[in-house]
Amino acid sequence: MPGGLGLRKLHGAGRIIAFVVLMSALLLAGCASRGVVNPGWTVVSADGEMVYTVLATGKVAALDAASGAERWNYPVATASSGGLGSLFSRPDPNQETALNAVYGAPVFSDELVFVGTFDNKLVAFNRSSGQRAWEYTTEGAIIGGATEYDGVVYFGASDSRVYAVKPTASGPQLLWNPIVTGHGVWGAPAVNDRYVFVASLDHHVYAIDKDSGALVWDHDMGAAVPGGVTIAGDLLLVGGIAKKLSALNAETGSLVWEHAFEQWVWGEAVAANGTAYVSTLDGKVHGVSLKDGAIKWSTQLEGALRAGPTLAGEYLVIGSQSGRVYRVELSGGKADLLYVLDKTNILAPVAVLDGRAYIGTTAASVIALDISKVGGSPLWTYPVAN
C-alpha cells in the first residue's frame with residue numbers, strides 16, 4: 001500500500017505522519033471491504049453523461065450521471081454451482097476477478113477506460129460495454145493513476161519509471177523507453193502539446209519530451225513530491241512534503257515563485273482566474289496569486305485534506321478525511337458544508353459534472369450531491385443501500 005513505498009526519502013516525523021494518515025485510511029477501507037486482499041479507496045471520474053468508478057472492493061462500474069443507474073460493471077458476478085465438487089474444482093483462469101487496490105481515478109479515451117492498479121497493471125476496459133480489453137504490466141505499483149492525452153496514456157509507477165502507452169487494435173504499444181527517476185512516482189503526469197511533467201519521491205520534477213521520451217529538464221524541490229503537478233499556462237505548479245507550493249517555468253524548469261505553508265501539499269492544485277487553489281494536510285484551502293505567489297485567502301475546514309480541490313463553476317468542491325464535503329467560493333474562500341458522510345473517509349478528488357459532485361468513499365460507495373444545495377440529501381448513492 002502507499003504508506004509502505006518510498007518513505008525512506010521522507011523526513012523524520014513527516015514519515016510517521018504519512019504512514020499514519022494513509023494506514024488509518026486504508027484500514028478503514030479494509031473494514032468496509034472485507035474479503036478484498038488489498039483494498040484501495042473508491043475513485044471517481046465523470047465525462048459526458050457517465051460516471052466511472054472503481055470501488056474499494058475492486059469493482060469497476062459505469063453509472064448514469066443523472067440517476068446513478070448502473071450501465072455496466074466488472075467483474076460480472078457469476079453463480080456458483082455449489083456442492084462439495086466446488087470445494088475441489090480448479091479456478092477458471094478466464095474468470096473475471098476484482099481489481100487489486102486502485103488509488104488513481106479512471107481516465108478515458110473515446111473508446112476505452114484506463115485504470116492503474118497496485119499490482120502493477122494498467123487495465124483497459126471497453127467504455128461502452130465494460131469488457132476488459134487488455135492490460136499492460138509494469139515492474140511497480142501504479143499509485144497515482146494515469147493521464148490520457150492525444151491517444152496516449154502516460155503514467156508513473158513505484159518502479160521509478162514513467163511510461164507512455166499507446167492503445168492499438170492489437171493491444172498496448174510502448175511509445176518510448178520508460179524514463180527512470182530516482183524513486184517511485186505516485187502522482188499522475190501533467191501533459192501538454194510538448195511535454196510530460198511528472199514528480200517523484202526522489203525530490204525532483206521532470207519534464208519529458210512528449211513524442212521522443214527524452215529528458216528536457218529536472219528541478220530539485222528539496223523534498224519528496226508524492227502527488228501530481230498542474231499546468232497553469234506557462235507555469236507548472238508543484239506541491240509536496242516541503243510544505244510549499246512552487247511555480248516553475250514550464251519551458252525551463254526555473255523557479256518563478258513559491259509560497260510556504262504550515263503543512264504538506266499532497267493533492268494537486270487547480271488554477272482559474274489568475275489564482276492557484278490548493279489544499280494542505282492541516283485542513284486548509286488556499287487561494288494563491290499565479291502572478292507572484294501572494295496569498296489571497298485561506299479557509300480552515302474540518303479534517304485532513306489528502307486530495308486537492310476540484311473546480312465547479314464559481315466554487316471549489318473538496319472532501320476531507322473526516323467525511324465532510326465542502327464547496328468553497330473561488331472569490332473569497334467562504335466555505336459551505338454540503339454534506340457529512342458517516343464513518344467514512346474521502347481521500348480521492350471529487351468529480352464534478354453539470355452542477356453535481358460525485359464523491360468516492362473508503363466505504364466502497366459513490367455519493368452524488370447537488371452543489372447548489374447546502375445540507376441537502378444525496379441525489380443518489382451507489383451501490384443502492386438495502
# chains A, B, ... in the order shown; residues from 1 in each chain; ligands from 1
$ residues_around --residues "A:Ser212" --least-positions-apart "3" --cutoff "9 Å" --atoms "only C-alpha atoms" --output "VMD selection string"
chain A and resid 175 to 177 208 to 209 215
$ write_last_selection --atoms "N, CA, C and O atoms" --output "compact mmCIF listing (two decimals), in the first residue's frame"
# COMPACT_ATOMS: atom_id res chain seq x y z
N LEU A 175 5.34 3.54 -26.28
CA LEU A 175 5.68 4.57 -27.26
C LEU A 175 7.17 4.89 -27.24
O LEU A 175 7.79 5.10 -28.28
N TRP A 176 7.75 4.98 -26.03
CA TRP A 176 9.19 5.18 -25.89
C TRP A 176 9.68 4.51 -24.63
O TRP A 176 8.88 4.14 -23.76
N ASN A 177 11.01 4.29 -24.56
CA ASN A 177 11.57 3.62 -23.39
C ASN A 177 11.27 4.42 -22.13
O ASN A 177 11.45 5.65 -22.11
N ILE A 208 9.61 15.86 -19.74
CA ILE A 208 9.98 14.84 -20.72
C ILE A 208 9.36 15.22 -22.06
O ILE A 208 8.19 15.63 -22.11
N ASP A 209 10.13 15.10 -23.12
CA ASP A 209 9.59 15.35 -24.45
C ASP A 209 8.47 14.35 -24.74
O ASP A 209 8.67 13.15 -24.65
N LEU A 215 14.60 13.38 -21.85
CA LEU A 215 14.53 14.26 -20.69
C LEU A 215 14.91 15.68 -21.11
O LEU A 215 15.97 15.90 -21.71
$ closest_atom_pairs --of "stretch 99-203 of chain A" --to "stretch 234-255 of chain A" --cutoff "10 Å" --atoms "only C-alpha atoms" --output "CSV"
residue,atom,partner,partner_atom,distance
A:Ala190,CA,A:Leu236,CA,9.0
A:Arg194,CA,A:Glu251,CA,9.5
A:Tyr195,CA,A:Ala250,CA,8.8
A:Phe197,CA,A:Leu236,CA,8.4
A:Val198,CA,A:Val238,CA,9.7
A:Ala199,CA,A:Val238,CA,8.1
A:Ser200,CA,A:Gly240,CA,9.8
A:Leu201,CA,A:Gly240,CA,9.2
A:His203,CA,A:Gly240,CA,8.7
$ atom_distance --atom1 "atom CA of A:Asp354" --atom2 "atom CA of A:Arg127"
20.5 Å
$ residues_around --residues "A:Thr117" --least-positions-apart "6" --cutoff "8 Å" --atoms "only C-alpha atoms" --output "count of residues only"
10
$ residues_around --residues "A:Leu63" --least-positions-apart "6" --cutoff "6 Å" --atoms "only C-alpha atoms" --output "PyMOL selection string"
chain A and resi 50-51+69-71
$ write_last_selection --atoms "C-alpha atoms" --output "PDB file, in the first residue's frame"
ATOM      1  CA  MET A  50     -21.438   8.952 -17.368  1.00  0.00           C
ATOM      2  CA  VAL A  51     -19.613   8.443 -14.099  1.00  0.00           C
ATOM      3  CA  ALA A  69     -28.206   3.643 -12.652  1.00  0.00           C
ATOM      4  CA  GLU A  70     -25.557   1.050 -13.420  1.00  0.00           C
ATOM      5  CA  ARG A  71     -24.766   0.748 -17.141  1.00  0.00           C
TER       6      ARG A  71
END
$ residues_around --residues "A:Lys296" --least-positions-apart "2" --cutoff "9 Å" --atoms "only C-alpha atoms" --output "ChimeraX atom specification"
/A:275,286-289,293-294,298,332-333
